[in-house]
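Notes to accompany the following structure.
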Amino acid sequence: MTQTLTLRRPDDWHLHLRDGAVLRAVLPETARDFGRAIIMPNLVPPVVTAAAAAAYRDRILAALPEGADFAPLMTLYLTEQTDAADIVAAHAAGLVTAVKLYPAGATTNSASGVRDMDKVQGVFEAMAEAGVPLCVHGEVTDPDIDIFDREAVFIDRVLDPIRRRTPGLRVIMEHITTADACGYVRAGGPDLGATITTHHLMINRNHILVGGIKPHFYCLPVAKRESHRAALVEIATSGFERVFLGTDSAPHTRATKESACGCAGVFSAPVTMACLAQVFEDAGALDRLEGFASLNGPAFYRLPPNEATITLTKGAPVAFPAEIESADGPIVVFDPGTPVLWRIERV
Ligand code: DOR
Ligand code: ZN
């Protein structure tokens, strides 16, 4: 008997769409399965003004396939020059859903990010007052801190102090990768949420490094040891309501990944929902997938869940496309390396 699973249409609370040829290639992959996505602003140059966010949203809408049912939720890239009044006005107008904090130098196109958190404290206070959510890339950039420790150190040295001095600031810890982050979000109150990627639920650091270096598993924050992956699966599948899906699907062309200095990012949009069904089934928690992928995110962002549904069916192992084409070159699709028996029924 075929096993099927029907869920409310999911949303992706952390997505990179890029621009131009790559945007046109990757957008249909997300728009097919997801109702909405929080769109990352780390373009070159970054999306720092409401006008730039509006123009980017228009380019995304123009690139949508005919008949697509998808809404991009825009973010602004926080810099030390950001004007708090601009953020509050853009949020009140419905143009911007959240603000993104990149510590300067933490990841792809983060050079314009924040070096000194004191310089943006006034912005945090205005955001807390106006209820604008802050999406946080939670890694310190101090060269003395081991890359595998950067998330845990960020929580202690940066995130916790910001939250203590800014009551009411609504924070999303993005793409959490450690048991430390799971513990911190659990202990937080209603103003603290976290997203988890598909790939961090499926791979640990051995996948990147054992038996030859695997650039397509390299992303930031880098995957940690197995005990951390297990903690992520535990919290994602536990029914805990303040964690939700943010794929961090981050396309880079094959050539820029397979390089002596390869880009960070895993492109998982085409296969995410099938992979997640496998993760949740393996954890004995298929009934909790809808909460993680379709309900908890809207609840945190104070938006209604999607009305439409998707249906997944279980059968023989699925052969996913190895890559998708773009005019800039092929983009390799995430392959967890273990069988995935679920697929989305396409109507
Ligand atoms: O792996 C990543 N890729 N992590 C990030 O934080 C940025 C992203 C990208 O833009 O490629
Ligand atoms: Zn990202």
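Ordering of the structure tokens sets the chain letters (A, B, ...), residue numbers begin anew at 1 in every chain, and ligands are numbered from 1 in the order given.
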Could you name the residues that touch Leu15 of chain A at 9 Å or less, counting only C-alpha atoms, but leaving out those on the same chain fewer than 2 positions away, as a PDB file with all heavy atoms, in the first residue's frame?
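To be explicit, this is the file written out as result.pdb:
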```pdb
ATOM      1  N   ASP A  12       9.657  28.451   3.530  1.00  0.00           N
ATOM      2  CA  ASP A  12      11.096  28.364   3.787  1.00  0.00           C
ATOM      3  C   ASP A  12      11.526  29.673   4.452  1.00  0.00           C
ATOM      4  O   ASP A  12      11.540  30.726   3.810  1.00  0.00           O
ATOM      5  CB  ASP A  12      11.836  28.147   2.459  1.00  0.00           C
ATOM      6  CG  ASP A  12      13.325  27.948   2.677  1.00  0.00           C
ATOM      7  OD1 ASP A  12      13.803  28.191   3.802  1.00  0.00           O
ATOM      8  OD2 ASP A  12      14.014  27.564   1.710  1.00  0.00           O
ATOM      9  N   TRP A  13      11.896  29.576   5.720  1.00  0.00           N
ATOM     10  CA  TRP A  13      12.176  30.800   6.494  1.00  0.00           C
ATOM     11  C   TRP A  13      13.624  31.248   6.389  1.00  0.00           C
ATOM     12  O   TRP A  13      14.084  32.069   7.188  1.00  0.00           O
ATOM     13  CB  TRP A  13      11.692  30.612   7.945  1.00  0.00           C
ATOM     14  CG  TRP A  13      10.217  30.357   7.927  1.00  0.00           C
ATOM     15  CD1 TRP A  13       9.606  29.132   7.966  1.00  0.00           C
ATOM     16  CD2 TRP A  13       9.161  31.318   7.741  1.00  0.00           C
ATOM     17  NE1 TRP A  13       8.242  29.292   7.825  1.00  0.00           N
ATOM     18  CE2 TRP A  13       7.941  30.613   7.700  1.00  0.00           C
ATOM     19  CE3 TRP A  13       9.134  32.712   7.614  1.00  0.00           C
ATOM     20  CZ2 TRP A  13       6.704  31.256   7.527  1.00  0.00           C
ATOM     21  CZ3 TRP A  13       7.911  33.343   7.451  1.00  0.00           C
ATOM     22  CH2 TRP A  13       6.721  32.615   7.407  1.00  0.00           C
ATOM     23  N   LEU A  17      18.170  33.373  -3.089  1.00  0.00           N
ATOM     24  CA  LEU A  17      17.720  33.255  -4.487  1.00  0.00           C
ATOM     25  C   LEU A  17      18.704  33.882  -5.466  1.00  0.00           C
ATOM     26  O   LEU A  17      18.575  33.670  -6.671  1.00  0.00           O
ATOM     27  CB  LEU A  17      16.354  33.920  -4.669  1.00  0.00           C
ATOM     28  CG  LEU A  17      15.151  33.192  -4.085  1.00  0.00           C
ATOM     29  CD1 LEU A  17      13.885  34.039  -4.277  1.00  0.00           C
ATOM     30  CD2 LEU A  17      14.962  31.825  -4.733  1.00  0.00           C
ATOM     31  N   THR A  30      11.930  26.456  -5.713  1.00  0.00           N
ATOM     32  CA  THR A  30      11.297  26.794  -4.432  1.00  0.00           C
ATOM     33  C   THR A  30       9.812  27.063  -4.613  1.00  0.00           C
ATOM     34  O   THR A  30       8.976  26.586  -3.820  1.00  0.00           O
ATOM     35  CB  THR A  30      12.012  28.017  -3.800  1.00  0.00           C
ATOM     36  OG1 THR A  30      13.282  27.589  -3.301  1.00  0.00           O
ATOM     37  CG2 THR A  30      11.203  28.595  -2.641  1.00  0.00           C
ATOM     38  N   ALA A  37       8.861  32.463   1.258  1.00  0.00           N
ATOM     39  CA  ALA A  37      10.217  32.289   1.766  1.00  0.00           C
ATOM     40  C   ALA A  37      10.767  33.625   2.206  1.00  0.00           C
ATOM     41  O   ALA A  37      10.480  34.663   1.597  1.00  0.00           O
ATOM     42  CB  ALA A  37      11.125  31.677   0.703  1.00  0.00           C
ATOM     43  N   ILE A  38      11.558  33.570   3.278  1.00  0.00           N
ATOM     44  CA  ILE A  38      12.328  34.739   3.716  1.00  0.00           C
ATOM     45  C   ILE A  38      13.555  34.808   2.813  1.00  0.00           C
ATOM     46  O   ILE A  38      14.358  33.855   2.759  1.00  0.00           O
ATOM     47  CB  ILE A  38      12.751  34.563   5.193  1.00  0.00           C
ATOM     48  CG1 ILE A  38      11.549  34.747   6.123  1.00  0.00           C
ATOM     49  CG2 ILE A  38      13.883  35.504   5.556  1.00  0.00           C
ATOM     50  CD1 ILE A  38      11.234  36.175   6.501  1.00  0.00           C
ATOM     51  N   ILE A  39      13.673  35.925   2.106  1.00  0.00           N
ATOM     52  CA  ILE A  39      14.713  36.060   1.081  1.00  0.00           C
ATOM     53  C   ILE A  39      15.928  36.778   1.655  1.00  0.00           C
ATOM     54  O   ILE A  39      15.826  37.930   2.110  1.00  0.00           O
ATOM     55  CB  ILE A  39      14.176  36.860  -0.138  1.00  0.00           C
ATOM     56  CG1 ILE A  39      12.830  36.285  -0.621  1.00  0.00           C
ATOM     57  CG2 ILE A  39      15.223  36.889  -1.245  1.00  0.00           C
ATOM     58  CD1 ILE A  39      12.869  34.847  -1.056  1.00  0.00           C
ATOM     59  N   MET A  40      17.066  36.110   1.602  1.00  0.00           N
ATOM     60  CA  MET A  40      18.292  36.685   2.151  1.00  0.00           C
ATOM     61  C   MET A  40      18.772  37.857   1.289  1.00  0.00           C
ATOM     62  O   MET A  40      18.676  37.814   0.057  1.00  0.00           O
ATOM     63  CB  MET A  40      19.376  35.609   2.239  1.00  0.00           C
ATOM     64  CG  MET A  40      19.122  34.648   3.377  1.00  0.00           C
ATOM     65  SD  MET A  40      19.177  35.517   4.969  1.00  0.00           S
ATOM     66  CE  MET A  40      17.536  35.172   5.599  1.00  0.00           C
ATOM     67  N   GLY A 246      14.242  26.453   7.801  1.00  0.00           N
ATOM     68  CA  GLY A 246      14.870  27.505   6.996  1.00  0.00           C
ATOM     69  C   GLY A 246      15.960  26.782   6.225  1.00  0.00           C
ATOM     70  O   GLY A 246      16.968  26.393   6.807  1.00  0.00           O
ATOM     71  N   THR A 247      15.749  26.547   4.953  1.00  0.00           N
ATOM     72  CA  THR A 247      16.652  25.622   4.252  1.00  0.00           C
ATOM     73  C   THR A 247      18.063  26.175   4.108  1.00  0.00           C
ATOM     74  O   THR A 247      19.014  25.415   3.988  1.00  0.00           O
ATOM     75  CB  THR A 247      16.149  25.300   2.828  1.00  0.00           C
ATOM     76  OG1 THR A 247      16.188  26.493   2.038  1.00  0.00           O
ATOM     77  CG2 THR A 247      14.767  24.692   2.853  1.00  0.00           C
ATOM     78  N   ASP A 248      18.212  27.515   4.079  1.00  0.00           N
ATOM     79  CA  ASP A 248      19.497  28.119   3.701  1.00  0.00           C
ATOM     80  C   ASP A 248      19.965  27.555   2.362  1.00  0.00           C
ATOM     81  O   ASP A 248      21.166  27.435   2.120  1.00  0.00           O
ATOM     82  CB  ASP A 248      20.558  27.915   4.791  1.00  0.00           C
ATOM     83  CG  ASP A 248      21.722  28.894   4.648  1.00  0.00           C
ATOM     84  OD1 ASP A 248      21.599  29.871   3.887  1.00  0.00           O
ATOM     85  OD2 ASP A 248      22.752  28.669   5.306  1.00  0.00           O
ATOM     86  N   SER A 249      19.013  27.161   1.518  1.00  0.00           N
ATOM     87  CA  SER A 249      19.386  26.705   0.173  1.00  0.00           C
ATOM     88  C   SER A 249      20.160  27.846  -0.483  1.00  0.00           C
ATOM     89  O   SER A 249      19.652  28.965  -0.598  1.00  0.00           O
ATOM     90  CB  SER A 249      18.113  26.359  -0.608  1.00  0.00           C
ATOM     91  OG  SER A 249      18.443  25.920  -1.902  1.00  0.00           O
ATOM     92  N   ALA A 250      21.404  27.572  -0.852  1.00  0.00           N
ATOM     93  CA  ALA A 250      22.346  28.644  -1.225  1.00  0.00           C
ATOM     94  C   ALA A 250      23.091  28.238  -2.489  1.00  0.00           C
ATOM     95  O   ALA A 250      24.156  27.613  -2.422  1.00  0.00           O
ATOM     96  CB  ALA A 250      23.310  28.905  -0.078  1.00  0.00           C
ATOM     97  N   ALA A 269      16.984  23.279  -2.350  1.00  0.00           N
ATOM     98  CA  ALA A 269      15.567  23.598  -2.611  1.00  0.00           C
ATOM     99  C   ALA A 269      14.821  22.488  -3.362  1.00  0.00           C
ATOM    100  O   ALA A 269      13.700  22.140  -2.986  1.00  0.00           O
ATOM    101  CB  ALA A 269      15.452  24.930  -3.360  1.00  0.00           C
TER     102      ALA A 269
END
```
Write out as JSON lines a residue-level contact list of chain A versus ligand 2 with cut-off 12 Å: for each qualifying residue the closest pair of atoms and the distance in Å to one decimal, counting only C-alpha atoms and all ligand atoms, rows sorted by chain and residue number upward.
```
{"residue": "A:Asp12", "atom": "CA", "partner": "ligand 2", "partner_atom_place_in_ligand_line": "1 (Zn)", "distance": 11.4}
{"residue": "A:Trp13", "atom": "CA", "partner": "ligand 2", "partner_atom_place_in_ligand_line": "1 (Zn)", "distance": 10.1}
{"residue": "A:His14", "atom": "CA", "partner": "ligand 2", "partner_atom_place_in_ligand_line": "1 (Zn)", "distance": 6.3}
{"residue": "A:Leu15", "atom": "CA", "partner": "ligand 2", "partner_atom_place_in_ligand_line": "1 (Zn)", "distance": 6.3}
{"residue": "A:His16", "atom": "CA", "partner": "ligand 2", "partner_atom_place_in_ligand_line": "1 (Zn)", "distance": 6.3}
{"residue": "A:Leu17", "atom": "CA", "partner": "ligand 2", "partner_atom_place_in_ligand_line": "1 (Zn)", "distance": 10.0}
{"residue": "A:Arg18", "atom": "CA", "partner": "ligand 2", "partner_atom_place_in_ligand_line": "1 (Zn)", "distance": 11.0}
{"residue": "A:Ile38", "atom": "CA", "partner": "ligand 2", "partner_atom_place_in_ligand_line": "1 (Zn)", "distance": 10.1}
{"residue": "A:Ile39", "atom": "CA", "partner": "ligand 2", "partner_atom_place_in_ligand_line": "1 (Zn)", "distance": 9.1}
{"residue": "A:Met40", "atom": "CA", "partner": "ligand 2", "partner_atom_place_in_ligand_line": "1 (Zn)", "distance": 6.6}
{"residue": "A:Pro41", "atom": "CA", "partner": "ligand 2", "partner_atom_place_in_ligand_line": "1 (Zn)", "distance": 9.2}
{"residue": "A:Asn42", "atom": "CA", "partner": "ligand 2", "partner_atom_place_in_ligand_line": "1 (Zn)", "distance": 8.4}
{"residue": "A:Leu43", "atom": "CA", "partner": "ligand 2", "partner_atom_place_in_ligand_line": "1 (Zn)", "distance": 11.3}
{"residue": "A:Thr75", "atom": "CA", "partner": "ligand 2", "partner_atom_place_in_ligand_line": "1 (Zn)", "distance": 12.0}
{"residue": "A:Lys100", "atom": "CA", "partner": "ligand 2", "partner_atom_place_in_ligand_line": "1 (Zn)", "distance": 9.9}
{"residue": "A:Leu101", "atom": "CA", "partner": "ligand 2", "partner_atom_place_in_ligand_line": "1 (Zn)", "distance": 10.9}
{"residue": "A:Tyr102", "atom": "CA", "partner": "ligand 2", "partner_atom_place_in_ligand_line": "1 (Zn)", "distance": 9.7}
{"residue": "A:Ala106", "atom": "CA", "partner": "ligand 2", "partner_atom_place_in_ligand_line": "1 (Zn)", "distance": 10.9}
{"residue": "A:Thr107", "atom": "CA", "partner": "ligand 2", "partner_atom_place_in_ligand_line": "1 (Zn)", "distance": 8.5}
{"residue": "A:Thr108", "atom": "CA", "partner": "ligand 2", "partner_atom_place_in_ligand_line": "1 (Zn)", "distance": 8.4}
{"residue": "A:Asn109", "atom": "CA", "partner": "ligand 2", "partner_atom_place_in_ligand_line": "1 (Zn)", "distance": 10.4}
{"residue": "A:Ser110", "atom": "CA", "partner": "ligand 2", "partner_atom_place_in_ligand_line": "1 (Zn)", "distance": 10.6}
{"residue": "A:Cys135", "atom": "CA", "partner": "ligand 2", "partner_atom_place_in_ligand_line": "1 (Zn)", "distance": 10.1}
{"residue": "A:Val136", "atom": "CA", "partner": "ligand 2", "partner_atom_place_in_ligand_line": "1 (Zn)", "distance": 9.7}
{"residue": "A:His137", "atom": "CA", "partner": "ligand 2", "partner_atom_place_in_ligand_line": "1 (Zn)", "distance": 7.7}
{"residue": "A:Gly138", "atom": "CA", "partner": "ligand 2", "partner_atom_place_in_ligand_line": "1 (Zn)", "distance": 10.8}
{"residue": "A:Met173", "atom": "CA", "partner": "ligand 2", "partner_atom_place_in_ligand_line": "1 (Zn)", "distance": 11.4}
{"residue": "A:Glu174", "atom": "CA", "partner": "ligand 2", "partner_atom_place_in_ligand_line": "1 (Zn)", "distance": 7.9}
{"residue": "A:His175", "atom": "CA", "partner": "ligand 2", "partner_atom_place_in_ligand_line": "1 (Zn)", "distance": 7.6}
{"residue": "A:Ile176", "atom": "CA", "partner": "ligand 2", "partner_atom_place_in_ligand_line": "1 (Zn)", "distance": 11.0}
{"residue": "A:Thr195", "atom": "CA", "partner": "ligand 2", "partner_atom_place_in_ligand_line": "1 (Zn)", "distance": 10.6}
{"residue": "A:Ile196", "atom": "CA", "partner": "ligand 2", "partner_atom_place_in_ligand_line": "1 (Zn)", "distance": 10.9}
{"residue": "A:Thr197", "atom": "CA", "partner": "ligand 2", "partner_atom_place_in_ligand_line": "1 (Zn)", "distance": 9.6}
{"residue": "A:Cys219", "atom": "CA", "partner": "ligand 2", "partner_atom_place_in_ligand_line": "1 (Zn)", "distance": 9.0}
{"residue": "A:Leu220", "atom": "CA", "partner": "ligand 2", "partner_atom_place_in_ligand_line": "1 (Zn)", "distance": 7.8}
{"residue": "A:Pro221", "atom": "CA", "partner": "ligand 2", "partner_atom_place_in_ligand_line": "1 (Zn)", "distance": 9.0}
{"residue": "A:Val222", "atom": "CA", "partner": "ligand 2", "partner_atom_place_in_ligand_line": "1 (Zn)", "distance": 11.8}
{"residue": "A:Gly246", "atom": "CA", "partner": "ligand 2", "partner_atom_place_in_ligand_line": "1 (Zn)", "distance": 8.7}
{"residue": "A:Thr247", "atom": "CA", "partner": "ligand 2", "partner_atom_place_in_ligand_line": "1 (Zn)", "distance": 8.2}
{"residue": "A:Asp248", "atom": "CA", "partner": "ligand 2", "partner_atom_place_in_ligand_line": "1 (Zn)", "distance": 4.5}
{"residue": "A:Ser249", "atom": "CA", "partner": "ligand 2", "partner_atom_place_in_ligand_line": "1 (Zn)", "distance": 7.2}
{"residue": "A:Ala250", "atom": "CA", "partner": "ligand 2", "partner_atom_place_in_ligand_line": "1 (Zn)", "distance": 6.5}
{"residue": "A:Pro251", "atom": "CA", "partner": "ligand 2", "partner_atom_place_in_ligand_line": "1 (Zn)", "distance": 10.2}
{"residue": "A:Ala264", "atom": "CA", "partner": "ligand 2", "partner_atom_place_in_ligand_line": "1 (Zn)", "distance": 9.5}
{"residue": "A:Gly265", "atom": "CA", "partner": "ligand 2", "partner_atom_place_in_ligand_line": "1 (Zn)", "distance": 7.8}
{"residue": "A:Val266", "atom": "CA", "partner": "ligand 2", "partner_atom_place_in_ligand_line": "1 (Zn)", "distance": 9.5}
{"residue": "A:Phe267", "atom": "CA", "partner": "ligand 2", "partner_atom_place_in_ligand_line": "1 (Zn)", "distance": 10.7}
{"residue": "A:Ser268", "atom": "CA", "partner": "ligand 2", "partner_atom_place_in_ligand_line": "1 (Zn)", "distance": 11.9}
```
Using C-alpha atoms, can you write the selected residues to a file as a JSON list (two decimals), in the first residue's frame?
```json
[["chain", "number", "residue", "atom", "x", "y", "z"],
["A", 12, "ASP", "CA", 11.10, 28.36, 3.79],
["A", 13, "TRP", "CA", 12.18, 30.80, 6.49],
["A", 14, "HIS", "CA", 15.72, 31.26, 5.12],
["A", 15, "LEU", "CA", 16.48, 31.19, 1.40],
["A", 16, "HIS", "CA", 19.09, 32.54, -1.02],
["A", 17, "LEU", "CA", 17.72, 33.26, -4.49],
["A", 18, "ARG", "CA", 20.59, 35.43, -5.83],
["A", 38, "ILE", "CA", 12.33, 34.74, 3.72],
["A", 39, "ILE", "CA", 14.71, 36.06, 1.08],
["A", 40, "MET", "CA", 18.29, 36.68, 2.15],
["A", 41, "PRO", "CA", 19.68, 40.13, 1.27],
["A", 42, "ASN", "CA", 23.37, 39.20, 0.73],
["A", 43, "LEU", "CA", 23.50, 40.22, -2.92],
["A", 75, "THR", "CA", 14.71, 41.29, 4.42],
["A", 100, "LYS", "CA", 19.31, 40.27, 8.74],
["A", 101, "LEU", "CA", 22.35, 40.56, 10.99],
["A", 102, "TYR", "CA", 25.60, 39.28, 9.50],
["A", 106, "ALA", "CA", 31.18, 35.61, 8.85],
["A", 107, "THR", "CA", 30.10, 34.27, 5.47],
["A", 108, "THR", "CA", 29.35, 34.90, 1.78],
["A", 109, "ASN", "CA", 29.00, 38.64, 1.02],
["A", 110, "SER", "CA", 29.05, 39.66, 4.66],
["A", 135, "CYS", "CA", 17.38, 37.09, 11.69],
["A", 136, "VAL", "CA", 20.85, 36.32, 13.00],
["A", 137, "HIS", "CA", 23.81, 34.56, 11.42],
["A", 138, "GLY", "CA", 25.21, 33.38, 14.71],
["A", 173, "MET", "CA", 18.75, 32.08, 15.40],
["A", 174, "GLU", "CA", 19.28, 30.96, 11.85],
["A", 175, "HIS", "CA", 20.56, 27.62, 10.63],
["A", 176, "ILE", "CA", 21.52, 26.37, 14.08],
["A", 195, "THR", "CA", 15.61, 27.71, 11.97],
["A", 196, "ILE", "CA", 17.24, 24.44, 10.99],
["A", 197, "THR", "CA", 18.34, 23.47, 7.48],
["A", 219, "CYS", "CA", 28.36, 25.51, 4.09],
["A", 220, "LEU", "CA", 28.39, 28.00, 6.92],
["A", 221, "PRO", "CA", 27.91, 27.42, 9.74],
["A", 222, "VAL", "CA", 29.88, 24.28, 8.92],
["A", 246, "GLY", "CA", 14.87, 27.51, 7.00],
["A", 247, "THR", "CA", 16.65, 25.62, 4.25],
["A", 248, "ASP", "CA", 19.50, 28.12, 3.70],
["A", 249, "SER", "CA", 19.39, 26.71, 0.17],
["A", 250, "ALA", "CA", 22.35, 28.64, -1.23],
["A", 251, "PRO", "CA", 23.14, 28.10, -4.90],
["A", 264, "ALA", "CA", 30.00, 27.94, 1.20],
["A", 265, "GLY", "CA", 26.46, 26.85, 0.48],
["A", 266, "VAL", "CA", 24.28, 23.79, -0.10],
["A", 267, "PHE", "CA", 21.58, 23.96, -2.77],
["A", 268, "SER", "CA", 18.74, 21.90, -1.35]]
```
Counting only C-alpha atoms, the residue of A:Ile145, A:Asp11, A:Leu27, A:Leu76 that sits nearest Ala90 of chain A: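 Under the stated criterion, the closest residue is A:Leu76.
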I need the strand (DSSP E) residues of segment 41-261 of chain A per DSSP on the backbone, written as a ChimeraX atom specification. /A:71-77,98-101,134-136,171-173,192-196,243-245
Arg8 of chain A: which residues within 10 Å, counting only C-alpha atoms, same-chain residues fewer than 5 positions away excluded, as a list in words?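 Near Arg8 of chain A, the qualifying residues are Phe34, Gly35, Glu290, Gly291, Ala293, Ser294, Leu295, Pro305, Asn306, Glu307, Ala308, Thr309, Ile310 and Thr311 of chain A.
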Could those residues be written to a file, using N, CA, C and O atoms, as an mmCIF file, in the first residue's frame?
```cif
data_model
loop_
_atom_site.group_PDB
_atom_site.id
_atom_site.type_symbol
_atom_site.label_atom_id
_atom_site.label_comp_id
_atom_site.auth_asym_id
_atom_site.auth_seq_id
_atom_site.Cartn_x
_atom_site.Cartn_y
_atom_site.Cartn_z
ATOM 1 N N PHE A 34 6.913 25.574 -2.049
ATOM 2 C CA PHE A 34 6.769 26.438 -0.868
ATOM 3 C C PHE A 34 5.842 27.617 -1.167
ATOM 4 O O PHE A 34 5.838 28.150 -2.275
ATOM 5 N N GLY A 35 5.084 28.019 -0.139
ATOM 6 C CA GLY A 35 4.169 29.150 -0.300
ATOM 7 C C GLY A 35 4.885 30.488 -0.178
ATOM 8 O O GLY A 35 4.567 31.445 -0.871
ATOM 9 N N GLU A 290 4.620 18.537 9.664
ATOM 10 C CA GLU A 290 3.810 19.709 9.314
ATOM 11 C C GLU A 290 4.077 20.876 10.275
ATOM 12 O O GLU A 290 4.152 22.032 9.856
ATOM 13 N N GLY A 291 4.244 20.574 11.540
ATOM 14 C CA GLY A 291 4.551 21.643 12.492
ATOM 15 C C GLY A 291 5.861 22.326 12.120
ATOM 16 O O GLY A 291 5.946 23.558 12.030
ATOM 17 N N ALA A 293 7.605 22.312 9.233
ATOM 18 C CA ALA A 293 7.751 22.896 7.893
ATOM 19 C C ALA A 293 6.651 23.893 7.541
ATOM 20 O O ALA A 293 6.869 24.740 6.671
ATOM 21 N N SER A 294 5.490 23.794 8.194
ATOM 22 C CA SER A 294 4.336 24.566 7.705
ATOM 23 C C SER A 294 3.613 25.384 8.769
ATOM 24 O O SER A 294 2.845 26.272 8.399
ATOM 25 N N LEU A 295 3.809 25.090 10.044
ATOM 26 C CA LEU A 295 3.014 25.779 11.077
ATOM 27 C C LEU A 295 3.849 26.638 12.027
ATOM 28 O O LEU A 295 3.454 27.754 12.367
ATOM 29 N N PRO A 305 -0.917 30.313 8.557
ATOM 30 C CA PRO A 305 -0.331 29.247 7.740
ATOM 31 C C PRO A 305 -0.962 29.244 6.353
ATOM 32 O O PRO A 305 -2.020 29.835 6.147
ATOM 33 N N ASN A 306 -0.291 28.606 5.401
ATOM 34 C CA ASN A 306 -0.846 28.527 4.045
ATOM 35 C C ASN A 306 -2.118 27.691 4.053
ATOM 36 O O ASN A 306 -2.236 26.732 4.822
ATOM 37 N N GLU A 307 -3.038 28.034 3.159
ATOM 38 C CA GLU A 307 -4.286 27.276 3.037
ATOM 39 C C GLU A 307 -4.101 26.031 2.172
ATOM 40 O O GLU A 307 -4.722 24.997 2.416
ATOM 41 N N ALA A 308 -3.268 26.121 1.142
ATOM 42 C CA ALA A 308 -3.093 25.002 0.208
ATOM 43 C C ALA A 308 -2.350 23.854 0.890
ATOM 44 O O ALA A 308 -1.813 24.019 1.992
ATOM 45 N N THR A 309 -2.335 22.697 0.263
ATOM 46 C CA THR A 309 -1.630 21.534 0.821
ATOM 47 C C THR A 309 -0.672 20.960 -0.231
ATOM 48 O O THR A 309 -0.788 21.254 -1.412
ATOM 49 N N ILE A 310 0.263 20.141 0.262
ATOM 50 C CA ILE A 310 1.078 19.304 -0.628
ATOM 51 C C ILE A 310 0.932 17.859 -0.143
ATOM 52 O O ILE A 310 0.657 17.623 1.040
ATOM 53 N N THR A 311 1.129 16.929 -1.051
ATOM 54 C CA THR A 311 1.069 15.516 -0.676
ATOM 55 C C THR A 311 2.378 14.839 -1.051
ATOM 56 O O THR A 311 2.897 15.019 -2.153
#
```
List every residue of segment 112-275 of chain A that DSSP, applied to the backbone of this structure, assigns to helix (DSSP H, G or I), and report them as a PyMOL selection string. chain A and resi 117-130+147-165+179-187+198-202+205-209+215-217+226-236+254-257+269-275
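Proximity of A:Cys182, A:Ala68, A:Ala194, A:Ala50 to Val96 of chain A, computed with only C-alpha atoms, is greatest for A:Ala50.
Residue nearest Asp58 of chain A within the list A:Leu303, A:Leu73, A:Val114, A:Ala179: A:Leu73 [criterion: smallest interatomic distance, only C-alpha atoms].
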From the list A:Gln81, A:Asn296, A:Thr313, A:Thr338, which residue is nearest Met202 of chain A when using only C-alpha atoms?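 Comparing A:Gln81, A:Asn296, A:Thr313, A:Thr338 against Met202 of chain A, the winner is A:Thr338.
Using only C-alpha atoms and all ligand atoms for every distance, the candidate list A:Pro46, A:Pro28, A:Gly297, A:Gly337 yields A:Pro46 as the residue closest to ligand 1.
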